[in-house]
$ cat model-v7.cif   # mmCIF, C-alpha atoms
data_upload
#
loop_
_atom_site.label_atom_id
_atom_site.label_comp_id
_atom_site.auth_asym_id
_atom_site.auth_seq_id
_atom_site.Cartn_x
_atom_site.Cartn_y
_atom_site.Cartn_z
CA MET A 14 -6.86 -264.22 -121.98
CA ALA A 15 -6.06 -266.55 -124.90
CA ARG A 16 -9.64 -267.77 -124.77
CA GLN A 17 -10.94 -264.21 -124.79
CA ALA A 18 -8.74 -263.30 -127.76
CA ARG A 19 -10.06 -266.35 -129.58
CA ALA A 20 -13.65 -265.32 -128.85
CA VAL A 21 -12.98 -261.83 -130.24
CA ALA A 22 -11.40 -263.34 -133.36
CA THR A 23 -14.35 -265.73 -133.85
CA ARG A 24 -16.85 -262.89 -133.42
CA GLN A 25 -15.01 -260.82 -136.05
CA GLN A 26 -14.82 -263.85 -138.36
CA ILE A 27 -18.61 -264.25 -138.11
CA ILE A 28 -19.17 -260.53 -138.79
CA THR A 29 -16.95 -260.68 -141.89
CA GLY A 30 -18.66 -263.88 -143.10
CA ALA A 31 -22.08 -262.33 -142.54
CA ALA A 32 -20.98 -259.19 -144.37
CA ARG A 33 -19.95 -261.23 -147.43
CA MET A 34 -23.37 -262.94 -147.49
CA PHE A 35 -25.30 -259.68 -146.94
CA GLU A 36 -23.25 -257.95 -149.64
CA GLN A 37 -23.95 -260.77 -152.10
CA SER A 38 -27.58 -261.67 -151.34
CA GLY A 39 -29.02 -258.82 -149.25
CA PHE A 40 -30.65 -259.22 -145.85
CA GLU A 41 -33.53 -261.42 -146.99
CA GLY A 42 -31.38 -263.58 -149.25
CA ALA A 43 -28.67 -264.38 -146.68
CA SER A 44 -29.62 -267.32 -144.44
CA LEU A 45 -27.98 -268.04 -141.09
CA GLY A 46 -26.90 -271.40 -142.56
CA ASP A 47 -25.08 -269.62 -145.42
CA ILE A 48 -23.47 -267.26 -142.90
CA VAL A 49 -22.25 -270.19 -140.75
CA ASP A 50 -20.81 -271.96 -143.82
CA GLY A 51 -19.32 -268.78 -145.28
CA SER A 52 -17.58 -267.76 -142.07
CA GLY A 53 -16.11 -271.24 -141.41
CA THR A 54 -17.66 -271.37 -137.94
CA THR A 55 -20.49 -273.34 -136.30
CA LYS A 56 -24.13 -272.54 -135.57
CA GLY A 57 -23.27 -272.83 -131.85
CA ALA A 58 -20.52 -270.22 -132.11
CA LEU A 59 -22.81 -267.90 -134.08
CA TYR A 60 -25.59 -268.13 -131.47
CA PHE A 61 -23.04 -267.67 -128.67
CA HIS A 62 -22.18 -264.23 -130.13
CA PHE A 63 -25.41 -263.12 -131.86
CA ARG A 64 -29.08 -263.70 -131.09
CA SER A 65 -30.41 -263.42 -134.64
CA LYS A 66 -29.79 -262.37 -138.22
CA ASP A 67 -31.31 -259.00 -137.30
CA GLU A 68 -28.66 -258.47 -134.65
CA LEU A 69 -25.89 -259.49 -137.08
CA ALA A 70 -27.17 -256.98 -139.65
CA ARG A 71 -27.32 -254.26 -137.00
CA VAL A 72 -23.72 -254.99 -135.94
CA VAL A 73 -22.54 -254.91 -139.58
CA ILE A 74 -24.22 -251.51 -140.11
CA GLU A 75 -22.78 -250.19 -136.82
CA GLU A 76 -19.26 -251.39 -137.69
CA GLN A 77 -19.44 -249.86 -141.16
CA HIS A 78 -20.73 -246.64 -139.71
CA ARG A 79 -17.97 -246.55 -137.07
CA THR A 80 -15.33 -247.08 -139.79
CA SER A 81 -16.79 -244.24 -141.89
CA ILE A 82 -17.12 -241.80 -139.01
CA GLU A 83 -13.56 -242.53 -137.80
CA SER A 84 -12.17 -241.73 -141.21
CA VAL A 85 -14.21 -238.53 -141.46
CA ARG A 86 -12.83 -237.51 -138.05
CA SER A 87 -9.27 -238.27 -139.18
CA VAL A 88 -9.79 -236.19 -142.33
CA ALA A 89 -11.16 -233.32 -140.21
CA GLU A 90 -8.01 -233.49 -138.04
CA SER A 91 -5.72 -233.34 -141.07
CA GLY A 92 -5.81 -229.54 -141.09
CA ALA A 93 -6.63 -229.52 -144.82
CA SER A 94 -8.95 -226.83 -146.20
CA ALA A 95 -12.70 -227.53 -146.15
CA LEU A 96 -13.00 -228.34 -149.87
CA ARG A 97 -9.94 -230.61 -149.67
CA GLN A 98 -11.60 -232.36 -146.71
CA LEU A 99 -14.79 -232.98 -148.69
CA VAL A 100 -12.76 -234.42 -151.59
CA MET A 101 -10.70 -236.54 -149.16
CA VAL A 102 -13.82 -237.91 -147.42
CA CYS A 103 -15.30 -239.10 -150.74
CA HIS A 104 -12.09 -240.81 -151.85
CA GLU A 105 -11.52 -242.32 -148.41
CA MET A 106 -15.09 -243.72 -148.33
CA ALA A 107 -14.52 -245.16 -151.81
CA ARG A 108 -11.28 -246.81 -150.61
CA GLN A 109 -13.17 -248.38 -147.70
CA ILE A 110 -15.90 -249.64 -150.05
CA LEU A 111 -13.23 -251.26 -152.25
CA ASP A 112 -11.24 -252.75 -149.33
CA ASP A 113 -13.76 -253.76 -146.71
CA PRO A 114 -16.65 -256.24 -147.17
CA VAL A 115 -18.23 -254.94 -143.94
CA VAL A 116 -18.48 -251.45 -145.47
CA ARG A 117 -20.00 -252.80 -148.70
CA ALA A 118 -22.52 -254.90 -146.75
CA GLY A 119 -23.38 -251.98 -144.45
CA MET A 120 -24.09 -249.72 -147.44
CA ARG A 121 -26.36 -252.35 -149.03
CA LEU A 122 -28.21 -253.08 -145.77
CA THR A 123 -28.71 -249.37 -144.98
CA LEU A 124 -30.34 -248.84 -148.38
CA GLU A 125 -32.42 -252.04 -148.05
CA PHE A 126 -33.74 -251.01 -144.62
CA SER A 127 -34.66 -247.53 -145.83
CA GLY A 128 -38.24 -248.40 -146.76
CA SER A 129 -39.30 -247.76 -143.16
CA SER A 130 -40.42 -244.38 -141.91
CA GLU A 131 -37.29 -244.06 -139.73
CA PRO A 132 -34.55 -242.09 -141.56
CA ALA A 133 -31.31 -244.11 -141.77
CA GLN A 134 -28.96 -242.85 -139.05
CA PRO A 135 -25.69 -243.29 -141.04
CA TYR A 136 -26.97 -240.94 -143.75
CA VAL A 137 -28.17 -238.41 -141.19
CA GLU A 138 -24.71 -238.37 -139.57
CA TRP A 139 -22.73 -238.32 -142.83
CA ILE A 140 -24.72 -235.33 -143.97
CA ALA A 141 -24.31 -233.57 -140.58
CA THR A 142 -20.53 -234.10 -140.76
CA ALA A 143 -20.32 -232.84 -144.34
CA GLN A 144 -22.47 -229.85 -143.34
CA ALA A 145 -20.02 -228.91 -140.54
CA ILE A 146 -17.16 -228.98 -143.07
CA VAL A 147 -19.13 -226.79 -145.50
CA GLU A 148 -19.92 -224.27 -142.73
CA HIS A 149 -16.22 -224.13 -141.87
CA GLY A 150 -15.38 -223.58 -145.56
CA ILE A 151 -17.82 -220.66 -145.78
CA GLU A 152 -16.30 -219.07 -142.62
CA GLN A 153 -12.83 -219.46 -144.12
CA GLY A 154 -13.98 -217.88 -147.39
CA GLU A 155 -13.15 -220.99 -149.45
CA ILE A 156 -16.81 -221.84 -150.17
CA ALA A 157 -19.19 -219.18 -151.53
CA ASP A 158 -21.43 -217.67 -148.83
CA THR A 159 -24.40 -218.07 -151.20
CA VAL A 160 -24.17 -221.84 -150.62
CA ASP A 161 -26.68 -223.36 -148.18
CA PRO A 162 -24.59 -225.78 -146.04
CA ALA A 163 -27.40 -228.30 -145.41
CA THR A 164 -28.36 -228.47 -149.08
CA LEU A 165 -24.79 -228.83 -150.34
CA ALA A 166 -23.99 -231.50 -147.72
CA ARG A 167 -27.04 -233.49 -148.76
CA PHE A 168 -26.14 -233.20 -152.43
CA VAL A 169 -22.52 -234.30 -151.86
CA ILE A 170 -23.60 -237.42 -149.94
CA GLY A 171 -26.41 -238.19 -152.40
CA SER A 172 -24.21 -237.67 -155.43
CA PHE A 173 -21.37 -239.76 -153.95
CA THR A 174 -23.84 -242.58 -153.16
CA GLY A 175 -25.07 -242.71 -156.75
CA VAL A 176 -21.69 -242.24 -158.38
CA GLN A 177 -20.26 -245.24 -156.49
CA LEU A 178 -23.37 -247.36 -157.21
CA VAL A 179 -23.25 -246.64 -160.95
CA SER A 180 -19.50 -247.35 -160.89
CA GLN A 181 -20.36 -250.73 -159.35
CA VAL A 182 -23.09 -251.38 -161.92
CA LEU A 183 -20.93 -250.52 -164.93
CA THR A 184 -17.36 -251.47 -163.95
CA LEU A 185 -17.61 -253.36 -160.60
CA ARG A 186 -16.13 -250.11 -159.14
CA ALA A 187 -12.94 -250.27 -161.24
CA ASP A 188 -13.42 -246.61 -162.26
CA ILE A 189 -14.67 -245.28 -158.92
CA GLU A 190 -11.74 -242.91 -158.27
CA GLN A 191 -12.04 -241.33 -161.73
CA ARG A 192 -15.81 -240.91 -161.32
CA ILE A 193 -15.39 -239.15 -157.95
CA ASP A 194 -12.86 -236.85 -159.58
CA ASP A 195 -15.44 -236.08 -162.32
CA MET A 196 -18.00 -235.32 -159.59
CA TRP A 197 -15.74 -232.67 -158.08
CA GLU A 198 -14.86 -231.25 -161.49
CA TYR A 199 -18.56 -230.58 -162.09
CA LEU A 200 -19.35 -229.46 -158.55
CA LEU A 201 -16.47 -227.11 -157.63
CA PRO A 202 -17.27 -224.23 -160.03
CA ALA A 203 -20.64 -223.68 -158.28
CA ILE A 204 -19.25 -223.63 -154.75
CA ALA A 205 -15.57 -222.59 -154.67
CA THR A 206 -14.77 -218.89 -154.34
CA THR A 207 -11.62 -219.35 -156.42
CA ASP A 208 -11.71 -219.90 -160.17
CA ASP A 209 -7.96 -220.47 -160.40
CA ALA A 210 -7.51 -223.68 -162.41
CA ALA A 211 -4.35 -224.77 -160.57
CA GLU A 212 -5.98 -224.33 -157.15
CA LEU A 213 -9.13 -226.21 -158.29
CA ALA A 214 -6.93 -229.04 -159.61
CA ALA A 215 -5.05 -229.13 -156.27
CA ILE A 216 -8.36 -229.39 -154.38
CA ARG A 217 -9.48 -232.28 -156.58
CA ALA A 218 -6.12 -234.03 -156.07
CA ALA A 219 -6.37 -233.94 -152.25
CA ARG A 220 -6.19 -237.42 -150.64
CA TRP A 221 -6.06 -238.42 -147.01
CA LYS A 222 -3.16 -240.73 -146.08
CA ALA A 223 -3.34 -242.83 -142.92
CA PRO A 224 -0.44 -241.86 -140.62
CA VAL A 225 2.29 -244.55 -140.46
CA ASP A 226 3.17 -245.72 -136.92
CA ALA A 227 6.62 -246.70 -135.54
CA THR A 228 6.34 -250.30 -136.76
CA GLY A 229 5.86 -249.10 -140.29
CA ALA A 230 2.31 -250.46 -140.49
CA ALA A 231 -0.47 -248.10 -141.53
CA ASP A 232 -2.53 -246.92 -138.56
CA ASP A 233 -5.72 -248.23 -140.04
CA THR A 234 -8.29 -250.29 -138.18
CA SER A 235 -10.30 -251.33 -141.22
CA THR A 236 -10.48 -255.04 -142.00
CA GLY A 237 -9.16 -254.66 -145.52
CA ASP A 238 -9.22 -257.66 -147.85
CA ALA A 239 -7.80 -256.09 -151.00
CA MET B 20 -61.35 -261.42 -177.49
CA ALA B 21 -62.81 -260.92 -173.99
CA ARG B 22 -60.75 -263.89 -172.84
CA GLN B 23 -57.61 -262.40 -174.36
CA ALA B 24 -58.28 -259.03 -172.72
CA ARG B 25 -58.74 -260.81 -169.40
CA ALA B 26 -55.43 -262.66 -169.88
CA VAL B 27 -53.64 -259.37 -170.57
CA ALA B 28 -55.20 -257.82 -167.46
CA THR B 29 -54.22 -260.82 -165.31
CA ARG B 30 -50.67 -260.74 -166.63
CA GLN B 31 -50.41 -257.02 -165.78
CA GLN B 32 -51.94 -257.66 -162.34
CA ILE B 33 -49.25 -260.28 -161.63
CA ILE B 34 -46.48 -257.94 -162.82
CA THR B 35 -47.75 -255.14 -160.55
CA GLY B 36 -48.10 -257.54 -157.59
CA ALA B 37 -44.61 -258.91 -158.19
CA ALA B 38 -43.26 -255.36 -158.44
CA ARG B 39 -44.72 -254.50 -155.03
CA MET B 40 -43.06 -257.55 -153.47
CA PHE B 41 -39.70 -256.94 -155.21
CA GLU B 42 -39.79 -253.28 -154.17
CA GLN B 43 -40.48 -254.22 -150.56
CA SER B 44 -38.32 -257.33 -150.06
CA GLY B 45 -35.88 -257.44 -152.98
CA PHE B 46 -35.45 -260.37 -155.36
CA GLU B 47 -34.29 -262.89 -152.75
CA GLY B 48 -36.87 -261.84 -150.17
CA ALA B 49 -39.92 -262.02 -152.44
CA SER B 50 -41.36 -265.55 -152.67
CA LEU B 51 -43.67 -266.72 -155.46
CA GLY B 52 -46.27 -267.44 -152.73
CA ASP B 53 -46.11 -263.78 -151.56
CA ILE B 54 -46.42 -262.63 -155.17
CA VAL B 55 -49.49 -264.82 -155.75
CA ASP B 56 -51.12 -263.54 -152.54
CA GLY B 57 -50.13 -259.92 -153.17
CA SER B 58 -51.46 -259.86 -156.72
CA GLY B 59 -54.79 -261.51 -155.83
CA THR B 60 -54.30 -264.25 -158.40
CA THR B 61 -53.55 -268.00 -158.30
CA LYS B 62 -50.37 -270.01 -158.62
CA GLY B 63 -51.88 -271.56 -161.75
CA ALA B 64 -52.41 -268.16 -163.37
CA LEU B 65 -48.88 -267.09 -162.43
CA TYR B 66 -47.33 -270.20 -164.01
CA PHE B 67 -49.53 -269.80 -167.09
CA HIS B 68 -47.89 -266.39 -167.73
CA PHE B 69 -44.39 -266.75 -166.22
CA ARG B 70 -42.03 -269.69 -165.91
CA SER B 71 -40.17 -268.51 -162.78
CA LYS B 72 -39.38 -265.67 -160.38
CA ASP B 73 -36.35 -264.92 -162.57
CA GLU B 74 -38.59 -264.36 -165.57
CA LEU B 75 -40.93 -262.13 -163.53
CA ALA B 76 -37.97 -260.04 -162.37
CA ARG B 77 -36.69 -259.75 -165.94
CA VAL B 78 -40.13 -258.61 -167.14
CA VAL B 79 -40.36 -256.00 -164.33
CA ILE B 80 -36.93 -254.60 -165.27
CA GLU B 81 -37.86 -254.58 -168.98
CA GLU B 82 -41.18 -252.81 -168.31
CA GLN B 83 -39.50 -250.20 -166.09
CA HIS B 84 -36.82 -249.67 -168.70
CA ARG B 85 -39.40 -249.32 -171.50
CA THR B 86 -41.30 -246.71 -169.43
CA SER B 87 -38.09 -244.72 -168.83
CA ILE B 88 -36.89 -244.85 -172.42
CA GLU B 89 -40.33 -243.80 -173.72
CA SER B 90 -40.31 -240.74 -171.49
CA VAL B 91 -36.76 -239.82 -172.52
CA ARG B 92 -37.86 -240.09 -176.16
CA SER B 93 -40.90 -237.88 -175.48
CA VAL B 94 -38.68 -235.29 -173.79
CA ALA B 95 -36.27 -235.36 -176.75
CA GLU B 96 -39.23 -234.70 -179.10
CA SER B 97 -40.40 -231.71 -177.03
CA GLY B 98 -38.04 -229.37 -178.90
CA ALA B 99 -36.71 -227.98 -175.60
CA SER B 100 -33.03 -226.99 -175.35
CA ALA B 101 -30.52 -229.69 -174.34
CA LEU B 102 -30.09 -228.50 -170.74
CA ARG B 103 -33.87 -228.22 -170.33
CA GLN B 104 -34.18 -231.77 -171.67
CA LEU B 105 -31.69 -233.07 -169.08
CA VAL B 106 -33.61 -231.31 -166.27
CA MET B 107 -36.93 -232.63 -167.64
CA VAL B 108 -35.63 -236.21 -167.85
CA CYS B 109 -34.58 -236.17 -164.18
CA HIS B 110 -37.90 -234.76 -162.96
CA GLU B 111 -39.86 -237.11 -165.24
CA MET B 112 -37.93 -240.15 -163.94
CA ALA B 113 -38.60 -238.97 -160.37
CA ARG B 114 -42.32 -238.69 -161.16
CA GLN B 115 -42.32 -242.25 -162.49
CA ILE B 116 -40.51 -243.49 -159.36
CA LEU B 117 -43.16 -241.81 -157.19
CA ASP B 118 -46.13 -243.02 -159.27
CA ASP B 119 -45.24 -246.48 -160.50
CA PRO B 120 -44.38 -249.53 -158.35
CA VAL B 121 -42.97 -251.28 -161.44
CA VAL B 122 -40.42 -248.47 -161.85
CA ARG B 123 -39.43 -248.59 -158.16
CA ALA B 124 -39.08 -252.39 -158.28
CA GLY B 125 -37.09 -252.22 -161.52
CA MET B 126 -34.63 -249.73 -160.00
CA ARG B 127 -34.13 -251.92 -156.93
CA LEU B 128 -33.71 -255.13 -158.96
CA THR B 129 -31.27 -253.49 -161.39
CA LEU B 130 -29.04 -252.42 -158.49
CA GLU B 131 -29.39 -255.83 -156.78
CA PHE B 132 -28.37 -257.70 -159.93
CA SER B 133 -25.35 -255.46 -160.51
CA GLY B 134 -22.92 -257.72 -158.62
CA SER B 135 -22.40 -259.72 -161.80
CA SER B 136 -19.73 -258.92 -164.36
CA GLU B 137 -22.39 -257.93 -166.94
CA PRO B 138 -22.99 -254.14 -166.88
CA ALA B 139 -26.68 -253.38 -166.30
CA GLN B 140 -28.27 -252.55 -169.65
CA PRO B 141 -30.72 -249.88 -168.38
CA TYR B 142 -27.82 -247.80 -167.02
CA VAL B 143 -25.85 -248.22 -170.23
CA GLU B 144 -28.83 -246.95 -172.26
CA TRP B 145 -29.76 -244.10 -169.89
CA ILE B 146 -26.18 -242.85 -170.07
CA ALA B 147 -26.09 -243.19 -173.87
CA THR B 148 -29.33 -241.19 -174.16
CA ALA B 149 -28.08 -238.47 -171.82
CA GLN B 150 -24.80 -238.37 -173.76
CA ALA B 151 -26.67 -237.74 -177.05
CA ILE B 152 -28.49 -234.80 -175.41
CA VAL B 153 -25.19 -233.38 -174.08
CA GLU B 154 -23.58 -233.67 -177.55
CA HIS B 155 -26.54 -231.79 -179.02
CA GLY B 156 -26.17 -229.11 -176.32
CA ILE B 157 -22.49 -228.63 -177.18
CA GLU B 158 -23.32 -228.32 -180.91
CA GLN B 159 -25.99 -225.74 -180.10
CA GLY B 160 -23.55 -223.77 -177.91
CA GLU B 161 -25.67 -224.20 -174.75
CA ILE B 162 -23.18 -226.56 -173.05
CA ALA B 163 -19.49 -225.62 -172.80
CA ASP B 164 -17.34 -227.36 -175.41
CA THR B 165 -14.82 -228.22 -172.67
CA VAL B 166 -17.36 -230.73 -171.31
CA ASP B 167 -16.75 -234.40 -172.16
CA PRO B 168 -20.22 -235.72 -173.13
CA ALA B 169 -19.65 -239.31 -171.88
CA THR B 170 -18.33 -238.14 -168.51
CA LEU B 171 -21.09 -235.61 -167.93
CA ALA B 172 -23.79 -238.11 -168.94
CA ARG B 173 -22.40 -240.67 -166.51
CA PHE B 174 -22.27 -238.09 -163.72
CA VAL B 175 -25.85 -236.92 -164.31
CA ILE B 176 -27.21 -240.49 -164.17
CA GLY B 177 -25.03 -241.40 -161.17
CA SER B 178 -25.88 -238.25 -159.28
CA PHE B 179 -29.61 -238.61 -160.00
CA THR B 180 -29.52 -242.25 -158.82
CA GLY B 181 -27.97 -241.26 -155.48
CA VAL B 182 -30.04 -238.13 -154.97
CA GLN B 183 -33.29 -240.09 -155.32
CA LEU B 184 -32.00 -242.93 -153.07
CA VAL B 185 -30.98 -240.53 -150.29
CA SER B 186 -34.34 -238.74 -150.69
CA GLN B 187 -35.97 -242.17 -150.14
CA VAL B 188 -33.75 -242.91 -147.11
CA LEU B 189 -34.38 -239.56 -145.41
CA THR B 190 -37.91 -238.52 -146.43
CA LEU B 191 -39.44 -241.53 -148.27
CA ARG B 192 -38.94 -239.36 -151.39
CA ALA B 193 -41.15 -236.50 -150.14
CA ASP B 194 -38.39 -233.98 -151.03
CA ILE B 195 -37.24 -235.57 -154.30
CA GLU B 196 -38.25 -232.67 -156.55
CA GLN B 197 -36.44 -230.11 -154.37
CA ARG B 198 -33.31 -232.32 -154.23
CA ILE B 199 -33.22 -232.64 -158.04
CA ASP B 200 -33.51 -228.86 -158.27
CA ASP B 201 -30.53 -228.54 -155.88
CA MET B 202 -28.58 -230.96 -158.08
CA TRP B 203 -29.04 -228.73 -161.12
CA GLU B 204 -28.26 -225.59 -159.11
CA TYR B 205 -24.84 -227.09 -158.26
CA LEU B 206 -24.23 -228.62 -161.67
CA LEU B 207 -25.25 -225.91 -164.16
CA PRO B 208 -22.44 -223.39 -163.43
CA ALA B 209 -19.82 -225.93 -164.55
CA ILE B 210 -21.50 -226.84 -167.83
CA ALA B 211 -23.79 -224.02 -169.09
CA THR B 212 -22.27 -221.40 -171.38
CA THR B 213 -24.61 -218.76 -169.95
CA ASP B 214 -24.18 -217.26 -166.49
CA ASP B 215 -27.42 -215.28 -166.71
CA ALA B 216 -29.32 -216.01 -163.48
CA ALA B 217 -32.78 -215.74 -165.08
CA GLU B 218 -31.85 -218.15 -167.88
CA LEU B 219 -30.31 -220.63 -165.40
CA ALA B 220 -33.48 -220.44 -163.28
CA ALA B 221 -35.61 -221.04 -166.38
CA ILE B 222 -33.53 -224.12 -167.26
CA ARG B 223 -33.99 -225.52 -163.75
CA ALA B 224 -37.74 -224.87 -163.91
CA ALA B 225 -38.21 -226.87 -167.13
CA ARG B 226 -40.70 -229.75 -166.80
CA TRP B 227 -42.09 -232.11 -169.37
CA LYS B 228 -45.87 -232.30 -169.57
CA ALA B 229 -47.56 -235.31 -171.11
CA PRO B 230 -49.70 -234.19 -174.08
CA VAL B 231 -53.45 -234.42 -173.40
CA ASP B 232 -55.43 -236.39 -176.00
CA ALA B 233 -58.95 -235.71 -177.32
CA THR B 234 -60.67 -237.60 -174.47
CA GLY B 235 -58.95 -235.37 -171.95
CA ALA B 236 -56.91 -238.23 -170.48
CA ALA B 237 -53.14 -237.82 -170.28
CA ASP B 238 -51.36 -239.74 -173.04
CA ASP B 239 -49.31 -241.72 -170.55
CA THR B 240 -48.86 -245.47 -170.67
CA SER B 241 -47.34 -245.80 -167.21
CA THR B 242 -49.26 -247.85 -164.66
CA GLY B 243 -49.54 -245.04 -162.15
CA ASP B 244 -50.95 -245.75 -158.68
CA ALA B 245 -50.65 -242.30 -157.09
#
$ encode --input "model-v7.cif" --output "structure tokens"
Amino acid sequence: MARQARAVATRQQIITGAARMFEQSGFEGASLGDIVDGSGTTKGALYFHFRSKDELARVVIEEQHRTSIESVRSVAESGASALRQLVMVCHEMARQILDDPVVRAGMRLTLEFSGSSEPAQPYVEWIATAQAIVEHGIEQGEIADTVDPATLARFVIGSFTGVQLVSQVLTLRADIEQRIDDMWEYLLPAIATTDDAAELAAIRAARWKAPVDATGAADDTSTGDA
Amino acid sequence: MARQARAVATRQQIITGAARMFEQSGFEGASLGDIVDGSGTTKGALYFHFRSKDELARVVIEEQHRTSIESVRSVAESGASALRQLVMVCHEMARQILDDPVVRAGMRLTLEFSGSSEPAQPYVEWIATAQAIVEHGIEQGEIADTVDPATLARFVIGSFTGVQLVSQVLTLRADIEQRIDDMWEYLLPAIATTDDAAELAAIRAARWKAPVDATGAADDTSTGDA
């Protein structure tokens, strides 16, 4: 059992090391040698767990995607209104980007691999999830029934993607939370049925908090490094 | 003179070839050997014009940036209203992304180089240009005076960046024009002083057309390959 636990820890160490190299240099720029050095492991250990750089990249994207989808599911279970959920999802994804090198690497790799004719699955699923929230919001009367759910979902994910990238370009993401708040300030008037300023401010202020378990530690499976 | 014209043509051929490699493989993934092969030139010719891959990348970014800034200037000189100018700039930048491999490569390289602490100059200038248009729109009473010009400019550039990237990821940019139209549909209600549906539709429909010169050729210096 101790040996198995060590193997799991080594595998995770390699994934995190690979993520840091992919984040910094992209898929083409990161060599397996760099990944071995950066993760403090050996070439033998790397090849015990992964067949190739391609497989490592695929695992990084899958892990990032799993992290994102778990948080979206948690937000959906929070019982918050649809618009609050959309705001929460954006801020929660931004928190993961700030905290987790695997998430940052996954985002970069997904965009780098997008030149192929296959649409990138993470984006397809993010948009589908956002679309379900929008449909719920229209049913509940919180989002205008003139809104097309697929179009709005696509715009929210597209806009979020660019807002966080430009925040990285200009401030290394120091202003990301403020920029997401701006995004909702400009977007809500077109989609919310209310025009009450206090309610719109409350929607923009919505944040998801990870439930705290009995030990006092946050119930959060992300591999934060903040 | 013929020799000089040939040198200029070769230099441009190398820039276009390098752009295709940078677009496809990123900075780290594109080798000078690939660039030589892809541009149908020789290593000698490449080193006659450029010292290094770094210099080639810098020239690609500069050329892309020059193309963008020229089109923004042309839009500003069109005499269109501020909101129409913002819509025109987005659609014109999308057209350049579709038509010009140097523009696509420049966008990719600018995002790849953004890990450094230096903010990327093209983004700084795009935002400054958009901000000047927003300020003009507020003065003219077309944009609400509650709008903060710097914040709106940053959101428009961020949102456009993400909308075109997600259009690339999902449809290889086949739907980019429709997605930019969606963006303005969701953004205009928060910023336009008018709520007249026909006027809002007219703003969204605004497109910049390159003036046609006496020979009948479009007065357009971009190196289109469509």
$ interface_residues --input "model-v7.cif" --of "chain B" --to "chain A" --cutoff "10 Å" --atoms "all atoms listed in the file" --output "ChimeraX atom specification"
/B:42-49,127,129-140,142-143,166,170-171,173-191,197-199,201-202,204-210
$ resolve_selection --input "model-v7.cif" --expression "the PyMOL selection byres ((chain A and resi 66-71) around 12)" --output "number ranges by chain"
A: 24-36, 39-49, 56, 59-60, 62-65, 72-78, 115-116, 118-123, 125-126, 133-135
$ atom_distance --input "model-v7.cif" --atom1 "CA of Gln150 (chain B)" --atom2 "CA of His104 (chain A)"
25.4 Å
$ residues_around --input "model-v7.cif" --residues "Glu90 (chain A)" --least-positions-apart "3" --cutoff "12 Å" --atoms "all atoms listed in the file" --output "ChimeraX atom specification"
/A:83-87,93-95,98,101-102,146,221-224
$ atom_distance --input "model-v7.cif" --atom1 "CA of Thr142 (chain A)" --atom2 "CA of Leu117 (chain B)"
29.0 Å
$ atom_distance --input "model-v7.cif" --atom1 "CA of Ala26 (chain B)" --atom2 "CA of Asp56 (chain B)"
17.9 Å
$ build_atoms --input "model-v7.cif" --residues "region 161-169 of chain B" --atoms "N, CA, C and O atoms" --output "PDB file, in the coordinates of the input"
ATOM      1  N   GLU B 161     -25.063-224.402-176.064  1.00  0.00           N
ATOM      2  CA  GLU B 161     -25.670-224.200-174.750  1.00  0.00           C
ATOM      3  C   GLU B 161     -24.823-224.825-173.642  1.00  0.00           C
ATOM      4  O   GLU B 161     -24.848-224.371-172.497  1.00  0.00           O
ATOM      5  N   ILE B 162     -24.082-225.884-173.992  1.00  0.00           N
ATOM      6  CA  ILE B 162     -23.180-226.560-173.050  1.00  0.00           C
ATOM      7  C   ILE B 162     -21.749-226.279-173.490  1.00  0.00           C
ATOM      8  O   ILE B 162     -21.434-226.307-174.689  1.00  0.00           O
ATOM      9  N   ALA B 163     -20.878-225.986-172.501  1.00  0.00           N
ATOM     10  CA  ALA B 163     -19.490-225.620-172.800  1.00  0.00           C
ATOM     11  C   ALA B 163     -18.792-226.726-173.583  1.00  0.00           C
ATOM     12  O   ALA B 163     -18.972-227.914-173.281  1.00  0.00           O
ATOM     13  N   ASP B 164     -17.982-226.324-174.586  1.00  0.00           N
ATOM     14  CA  ASP B 164     -17.340-227.360-175.410  1.00  0.00           C
ATOM     15  C   ASP B 164     -16.137-227.991-174.702  1.00  0.00           C
ATOM     16  O   ASP B 164     -15.496-228.887-175.248  1.00  0.00           O
ATOM     17  N   THR B 165     -15.848-227.558-173.475  1.00  0.00           N
ATOM     18  CA  THR B 165     -14.820-228.220-172.670  1.00  0.00           C
ATOM     19  C   THR B 165     -15.389-229.453-171.949  1.00  0.00           C
ATOM     20  O   THR B 165     -14.634-230.241-171.381  1.00  0.00           O
ATOM     21  N   VAL B 166     -16.716-229.590-171.989  1.00  0.00           N
ATOM     22  CA  VAL B 166     -17.360-230.730-171.310  1.00  0.00           C
ATOM     23  C   VAL B 166     -17.176-231.995-172.138  1.00  0.00           C
ATOM     24  O   VAL B 166     -17.369-231.980-173.357  1.00  0.00           O
ATOM     25  N   ASP B 167     -16.809-233.104-171.478  1.00  0.00           N
ATOM     26  CA  ASP B 167     -16.750-234.400-172.160  1.00  0.00           C
ATOM     27  C   ASP B 167     -18.140-235.040-172.056  1.00  0.00           C
ATOM     28  O   ASP B 167     -18.613-235.329-170.948  1.00  0.00           O
ATOM     29  N   PRO B 168     -18.826-235.258-173.190  1.00  0.00           N
ATOM     30  CA  PRO B 168     -20.220-235.720-173.130  1.00  0.00           C
ATOM     31  C   PRO B 168     -20.392-237.035-172.352  1.00  0.00           C
ATOM     32  O   PRO B 168     -21.332-237.168-171.559  1.00  0.00           O
ATOM     33  N   ALA B 169     -19.490-238.009-172.558  1.00  0.00           N
ATOM     34  CA  ALA B 169     -19.650-239.310-171.880  1.00  0.00           C
ATOM     35  C   ALA B 169     -19.515-239.148-170.369  1.00  0.00           C
ATOM     36  O   ALA B 169     -20.279-239.740-169.595  1.00  0.00           O
TER      37      ALA B 169
END
